[in-house]
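Asker: So I've got this file, upload.csv, and it contains CSV, C-alpha atoms:
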```csv
chain,number,residue,atom,x,y,z
A,1,MET,CA,51.9,182.3,109.5
A,2,LEU,CA,54.1,179.2,109.0
A,3,SER,CA,57.1,181.5,108.5
A,4,ALA,CA,56.4,183.3,111.7
A,5,LEU,CA,55.9,180.1,113.7
A,6,VAL,CA,58.6,177.9,112.3
A,7,LYS,CA,61.3,179.9,114.0
A,8,ARG,CA,59.7,179.3,117.4
A,9,TRP,CA,59.3,175.5,117.0
A,10,ARG,CA,61.5,173.3,119.3
A,11,TRP,CA,61.8,169.7,118.2
A,12,GLU,CA,63.0,168.7,121.7
A,13,THR,CA,59.6,169.5,123.2
A,14,HIS,CA,57.3,169.5,120.2
A,15,THR,CA,56.1,172.9,121.2
A,16,PHE,CA,56.3,176.5,120.0
A,17,VAL,CA,58.1,178.7,122.5
A,18,LEU,CA,56.4,182.1,122.7
A,19,PRO,CA,56.8,185.1,125.1
A,20,LEU,CA,53.8,183.9,127.1
A,21,GLY,CA,55.2,180.3,127.4
A,22,GLU,CA,55.0,177.1,125.4
A,23,VAL,CA,52.1,176.3,123.1
A,24,THR,CA,51.2,173.6,120.7
A,25,VAL,CA,48.4,172.2,118.6
A,26,THR,CA,46.2,170.3,121.0
A,27,PHE,CA,43.3,167.8,120.9
A,28,GLU,CA,41.1,170.7,121.9
A,29,ASP,CA,42.1,172.5,118.7
A,30,VAL,CA,40.9,169.5,116.7
A,31,LEU,CA,37.7,169.3,118.6
A,32,HIS,CA,36.8,173.0,118.2
A,33,ILE,CA,38.1,173.7,114.7
A,34,PHE,CA,37.1,170.5,112.9
A,35,VAL,CA,34.3,169.4,115.3
A,36,LEU,CA,35.8,165.9,115.2
A,37,PRO,CA,35.9,163.2,117.9
A,38,ILE,CA,39.4,162.8,119.4
A,39,ASP,CA,38.9,159.6,121.5
A,40,GLY,CA,38.8,156.3,119.7
A,41,GLU,CA,40.8,153.9,117.5
A,42,VAL,CA,44.2,155.3,116.3
A,43,VAL,CA,44.6,156.2,112.7
A,44,THR,CA,47.4,153.9,111.7
A,45,GLY,CA,48.2,150.9,109.6
A,46,TRP,CA,50.3,149.4,106.8
A,47,THR,CA,51.2,151.5,103.8
A,48,ASP,CA,53.2,150.9,100.6
A,49,SER,CA,55.0,154.0,99.3
A,50,SER,CA,56.2,152.5,96.1
A,51,HIS,CA,55.4,154.2,92.8
A,52,ASP,CA,54.0,151.0,91.3
A,53,PHE,CA,51.6,150.5,94.2
A,54,LEU,CA,50.5,154.2,93.9
A,55,VAL,CA,49.8,153.7,90.2
A,56,THR,CA,47.8,150.5,90.8
A,57,GLN,CA,45.7,152.1,93.6
A,58,SER,CA,45.1,155.3,91.5
A,59,LEU,CA,43.9,153.3,88.6
A,60,ALA,CA,41.5,151.4,90.9
A,61,ILE,CA,40.3,154.5,92.8
A,62,PHE,CA,40.5,157.4,90.2
A,63,GLY,CA,40.4,155.4,86.9
A,64,SER,CA,43.6,157.1,85.7
A,65,GLU,CA,47.4,156.9,86.2
A,66,PRO,CA,48.3,159.7,88.7
A,67,VAL,CA,50.3,162.8,88.2
A,68,VAL,CA,52.8,162.8,91.1
A,69,SER,CA,55.4,165.0,92.6
A,70,SER,CA,58.9,164.8,91.1
A,71,SER,CA,60.4,164.9,94.6
A,72,SER,CA,58.1,162.4,96.3
A,73,LYS,CA,56.5,159.7,94.3
A,74,SER,CA,54.0,159.2,97.1
A,75,CYS,CA,52.4,162.6,96.6
A,76,ILE,CA,49.5,163.1,94.1
A,77,ASN,CA,48.9,166.3,92.3
A,78,LEU,CA,45.7,167.9,93.6
A,79,THR,CA,45.0,169.7,90.3
A,80,TRP,CA,44.9,166.3,88.6
A,81,VAL,CA,42.4,165.0,91.2
A,82,HIS,CA,40.3,168.2,90.7
A,83,HIS,CA,40.3,167.8,86.9
A,84,ILE,CA,39.0,164.2,87.2
A,85,ARG,CA,36.3,165.2,89.7
A,86,ASP,CA,35.2,168.2,87.6
A,87,THR,CA,35.0,166.4,84.3
A,88,GLU,CA,33.1,163.3,85.5
A,89,LEU,CA,29.9,162.9,83.5
A,90,LEU,CA,28.1,161.3,86.6
A,91,ASP,CA,26.1,159.1,84.2
A,92,THR,CA,27.0,155.7,85.8
A,93,GLU,CA,27.4,154.4,89.3
A,94,LYS,CA,31.2,154.0,88.8
A,95,SER,CA,31.6,157.7,87.7
A,96,VAL,CA,29.6,158.9,90.7
A,97,GLN,CA,31.8,156.8,93.0
A,98,ARG,CA,34.9,158.2,91.3
A,99,TYR,CA,33.6,161.7,91.8
A,100,ILE,CA,33.0,161.1,95.5
A,101,ARG,CA,36.5,159.6,95.9
A,102,CYS,CA,38.1,162.6,94.3
A,103,HIS,CA,36.0,165.0,96.4
A,104,ILE,CA,37.0,163.2,99.6
A,105,PHE,CA,40.7,163.1,98.6
A,106,SER,CA,40.5,166.9,97.9
A,107,LEU,CA,38.8,167.5,101.2
A,108,LEU,CA,41.5,165.6,103.1
A,109,GLY,CA,44.3,167.1,101.0
A,110,ASN,CA,43.1,170.7,101.1
A,111,THR,CA,41.3,171.1,104.4
A,112,LEU,CA,41.8,168.4,107.1
A,113,PHE,CA,45.4,167.5,106.8
A,114,VAL,CA,47.2,170.8,106.5
A,115,ASP,CA,50.5,170.9,104.7
A,116,LYS,CA,52.8,173.6,103.5
A,117,SER,CA,52.3,172.4,99.9
A,118,THR,CA,49.4,173.8,98.0
A,119,VAL,CA,49.8,171.5,95.0
A,120,TYR,CA,50.3,167.9,96.3
A,121,ALA,CA,48.8,165.6,98.9
A,122,HIS,CA,50.2,162.4,100.3
A,123,ALA,CA,48.6,159.3,98.9
A,124,LYS,CA,47.6,158.1,102.4
A,125,TRP,CA,45.0,160.6,102.0
A,126,SER,CA,46.9,165.2,102.7
A,127,HIS,CA,46.4,172.2,103.2
A,128,HIS,CA,43.9,174.4,104.2
A,129,PRO,CA,42.7,176.8,101.4
A,130,ARG,CA,44.5,180.1,102.0
A,131,THR,CA,42.2,183.1,102.0
A,132,ARG,CA,43.0,186.5,100.6
A,133,ALA,CA,43.1,187.9,104.1
A,134,TRP,CA,45.9,185.5,105.1
A,135,MET,CA,47.7,186.0,101.8
A,136,SER,CA,47.8,189.7,102.4
A,137,ARG,CA,49.4,189.4,105.9
A,138,SER,CA,53.1,189.7,106.4
A,139,ALA,CA,55.2,187.5,108.6
A,140,THR,CA,56.3,190.5,110.6
A,141,SER,CA,52.7,191.4,111.5
A,142,ILE,CA,51.9,187.9,112.5
A,143,ARG,CA,55.1,187.7,114.6
A,144,HIS,CA,54.0,190.9,116.4
A,145,GLU,CA,50.5,189.4,117.2
A,146,ILE,CA,52.2,186.2,118.5
A,147,ASP,CA,54.5,188.2,120.7
A,148,TYR,CA,51.6,190.0,122.4
A,149,MET,CA,48.9,187.4,122.5
A,150,ASN,CA,47.5,186.9,126.0
A,151,GLU,CA,44.1,185.3,125.6
A,152,ARG,CA,43.2,181.6,125.9
A,153,PRO,CA,41.3,180.5,122.8
A,154,TYR,CA,37.8,178.9,122.6
A,155,ILE,CA,36.4,180.8,125.6
A,156,ASP,CA,32.6,180.8,125.3
A,157,ILE,CA,32.8,178.6,122.2
A,158,ILE,CA,29.9,176.1,122.0
A,159,ILE,CA,30.6,172.6,120.7
A,160,PRO,CA,28.1,169.8,120.0
A,161,ALA,CA,26.8,167.9,123.0
A,162,GLU,CA,27.9,164.6,121.6
A,163,LEU,CA,31.5,165.7,121.7
A,164,HIS,CA,31.5,166.9,125.4
A,165,GLU,CA,32.8,163.6,126.7
A,166,HIS,CA,35.9,163.9,124.5
A,167,LEU,CA,37.0,167.0,126.4
A,168,ASP,CA,38.2,164.7,129.2
A,169,VAL,CA,41.1,163.4,127.1
A,170,CYS,CA,42.3,166.8,125.7
A,171,ASP,CA,45.2,167.0,128.2
A,172,THR,CA,46.4,163.4,127.8
A,173,VAL,CA,50.1,163.1,127.4
A,174,GLY,CA,51.1,160.4,124.9
A,175,PRO,CA,52.2,159.5,121.4
A,176,LEU,CA,50.1,160.4,118.4
A,177,LEU,CA,50.2,157.8,115.7
A,178,SER,CA,49.4,158.2,112.0
A,179,PHE,CA,50.8,155.4,109.9
A,180,GLU,CA,54.6,155.8,109.9
A,181,CYS,CA,54.4,159.1,111.7
A,182,ILE,CA,54.8,159.2,115.5
A,183,GLU,CA,54.7,162.6,117.3
A,184,TRP,CA,54.5,163.3,121.0
A,185,HIS,CA,51.5,165.2,122.5
A,186,PRO,CA,53.1,167.3,125.3
A,187,ALA,CA,50.0,168.5,127.1
A,188,ASN,CA,51.9,168.6,130.4
A,189,ARG,CA,54.0,171.5,128.9
A,190,VAL,CA,51.1,173.7,127.8
A,191,GLY,CA,48.8,173.7,130.8
A,192,ARG,CA,47.9,177.4,130.2
A,193,GLN,CA,46.2,176.4,126.9
A,194,TYR,CA,43.7,174.4,129.0
A,195,GLY,CA,43.2,177.1,131.6
A,196,TYR,CA,45.5,175.4,134.2
A,197,ALA,CA,48.4,176.9,136.2
A,198,GLN,CA,51.5,175.7,134.5
A,199,SER,CA,53.8,173.6,136.7
A,200,PRO,CA,57.6,173.4,135.8
A,201,PRO,CA,57.7,171.2,132.7
A,202,PRO,CA,59.9,168.0,132.7
A,203,PHE,CA,63.2,167.9,130.9
A,204,ALA,CA,63.0,167.8,127.1
A,205,CYS,CA,64.0,164.7,125.2
A,206,THR,CA,67.7,164.4,124.2
A,207,SER,CA,67.2,162.5,121.0
A,208,HIS,CA,65.3,163.3,117.8
A,209,PRO,CA,61.7,162.1,117.7
A,210,SER,CA,60.9,159.0,115.5
```
For this file, write the structure as structure tokens.
Answerer:
Amino acid sequence: MLSALVKRWRWETHTFVLPLGEVTVTFEDVLHIFVLPIDGEVVTGWTDSSHDFLVTQSLAIFGSEPVVSSSSKSCINLTWVHHIRDTELLDTEKSVQRYIRCHIFSLLGNTLFVDKSTVYAHAKWSHHPRTRAWMSRSATSIRHEIDYMNERPYIDIIIPAELHEHLDVCDTVGPLLSFECIEWHPANRVGRQYGYAQSPPPFACTSHPS
């Protein structure tokens, strides 16, 4: 699926350009897929990407020196985290806490923060488990479905009542902040995803995003 979509991504607009128009990942996707609130404090802050800091934090959190990626010293090997979690004796409060930390890191790295890597997750806490159904699909078949898609997603989907108020901000245009990463949310370019008539979009930016 990534192979099929990457050729249609435009960095100038932060959208995928498809035959039916522009589309992108929206707040509405987060709300429906993960059932998470999308209105509140931003997820950002100060981080130290040095290897020494990573080792110190891993010793404090996991009780062991981490196995990291050879290409990025800020990415922790998920198999290493799974091994620590699955071998914990759970006979002390510290071991239970270590098990929980490993499980949360695995959840973030394998499910919530999707990444093309299946082995490593960024230490600021980052792949959705691929099912056999997706593994058996070819990029050609996915491209064909993308070319002929014509339905708006989430029609008749029921979300929890406590999240209804968050729908009001789904089409907000603004920057998305996550630590050192800043990406633009171009909701004004993907009105059809929200069931609106799409007006002519503004000009794309002329410089690379931060």
Asker: How many Å separate CA of Leu5 (chain A) from CA of Val23 (chain A)?
Answerer: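 CA of Val23 (chain A) lies 10.8 Å from CA of Leu5 (chain A).
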Asker: Between A:Val81, A:His122, A:Ala161, A:Leu177, which residue has the minimum interatomic distance to Ile104 (chain A), considering all atoms listed in the file?
Answerer: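 When distances to Ile104 (chain A) are compared using all atoms listed in the file, the smallest one comes from A:Val81.
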Asker: Separation of CA of Leu54 (chain A) and CA of Arg85 (chain A), in Å?
Answerer: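 The value is 18.4 Å.
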Asker: Around the point (51.2, 160.4, 122.4) (coordinates from the file), which residues reach within 10 Å if we count only C-alpha atoms? Answer as a list in words.
Answerer: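 Neighbouring residues, ordered by chain and number, come to Thr172, Val173, Gly174, Pro175, Leu176, Leu177, Ile182, Glu183, Trp184, His185, Pro186 and Ala187 of chain A.
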Asker: Show which residues sit within 12 Å of Pro37 (chain A), as a PDB file with C-alpha atoms, keeping the file's coordinate frame. Count all atoms listed in the file, and ignore same-chain residues fewer than 4 positions away.
Answerer:
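What ended up in around12.pdb:
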```pdb
ATOM      1  CA  PHE A  27      43.300 167.800 120.900  1.00  0.00           C
ATOM      2  CA  GLU A  28      41.100 170.700 121.900  1.00  0.00           C
ATOM      3  CA  ASP A  29      42.100 172.500 118.700  1.00  0.00           C
ATOM      4  CA  VAL A  30      40.900 169.500 116.700  1.00  0.00           C
ATOM      5  CA  LEU A  31      37.700 169.300 118.600  1.00  0.00           C
ATOM      6  CA  HIS A  32      36.800 173.000 118.200  1.00  0.00           C
ATOM      7  CA  ILE A  33      38.100 173.700 114.700  1.00  0.00           C
ATOM      8  CA  GLU A  41      40.800 153.900 117.500  1.00  0.00           C
ATOM      9  CA  VAL A  42      44.200 155.300 116.300  1.00  0.00           C
ATOM     10  CA  ILE A 159      30.600 172.600 120.700  1.00  0.00           C
ATOM     11  CA  PRO A 160      28.100 169.800 120.000  1.00  0.00           C
ATOM     12  CA  ALA A 161      26.800 167.900 123.000  1.00  0.00           C
ATOM     13  CA  GLU A 162      27.900 164.600 121.600  1.00  0.00           C
ATOM     14  CA  LEU A 163      31.500 165.700 121.700  1.00  0.00           C
ATOM     15  CA  HIS A 164      31.500 166.900 125.400  1.00  0.00           C
ATOM     16  CA  GLU A 165      32.800 163.600 126.700  1.00  0.00           C
ATOM     17  CA  HIS A 166      35.900 163.900 124.500  1.00  0.00           C
ATOM     18  CA  LEU A 167      37.000 167.000 126.400  1.00  0.00           C
ATOM     19  CA  ASP A 168      38.200 164.700 129.200  1.00  0.00           C
ATOM     20  CA  VAL A 169      41.100 163.400 127.100  1.00  0.00           C
ATOM     21  CA  CYS A 170      42.300 166.800 125.700  1.00  0.00           C
TER      22      CYS A 170
END
```
Asker: State, in Å with one decimal place, the distance from CA of Tyr120 (chain A) to CA of Trp80 (chain A).
Answerer: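 These atoms are spaced 9.5 Å apart.
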Asker: Within 12 Å of His103 (chain A), counting all atoms listed in the file, which residues qualify if same-chain residues fewer than 6 places away don't, as a list in words?
Answerer: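 Everything that qualifies: Ile61, Phe62, Leu78, Thr79, Trp80, Val81, His82, His83, Ile84, Arg85, Asp86, Glu88, Val96, Gln97, Gly109, Asn110, Thr111 and Trp125 of chain A.
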Asker: Check the smallest atom-to-atom distance from each of A:Val6, A:Cys102, A:Ser50, A:Gly21 to Ser64 (chain A) using all atoms listed in the file, then report the winner.
Answerer: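 Nearest to Ser64 (chain A): A:Cys102.
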Asker: Which one of A:Glu22, A:Leu59, A:Tyr196, A:Glu12 sits closest to Ile146 (chain A) if you count all atoms listed in the file?
Answerer: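 Comparing A:Glu22, A:Leu59, A:Tyr196, A:Glu12 against Ile146 (chain A), the winner is A:Glu22.
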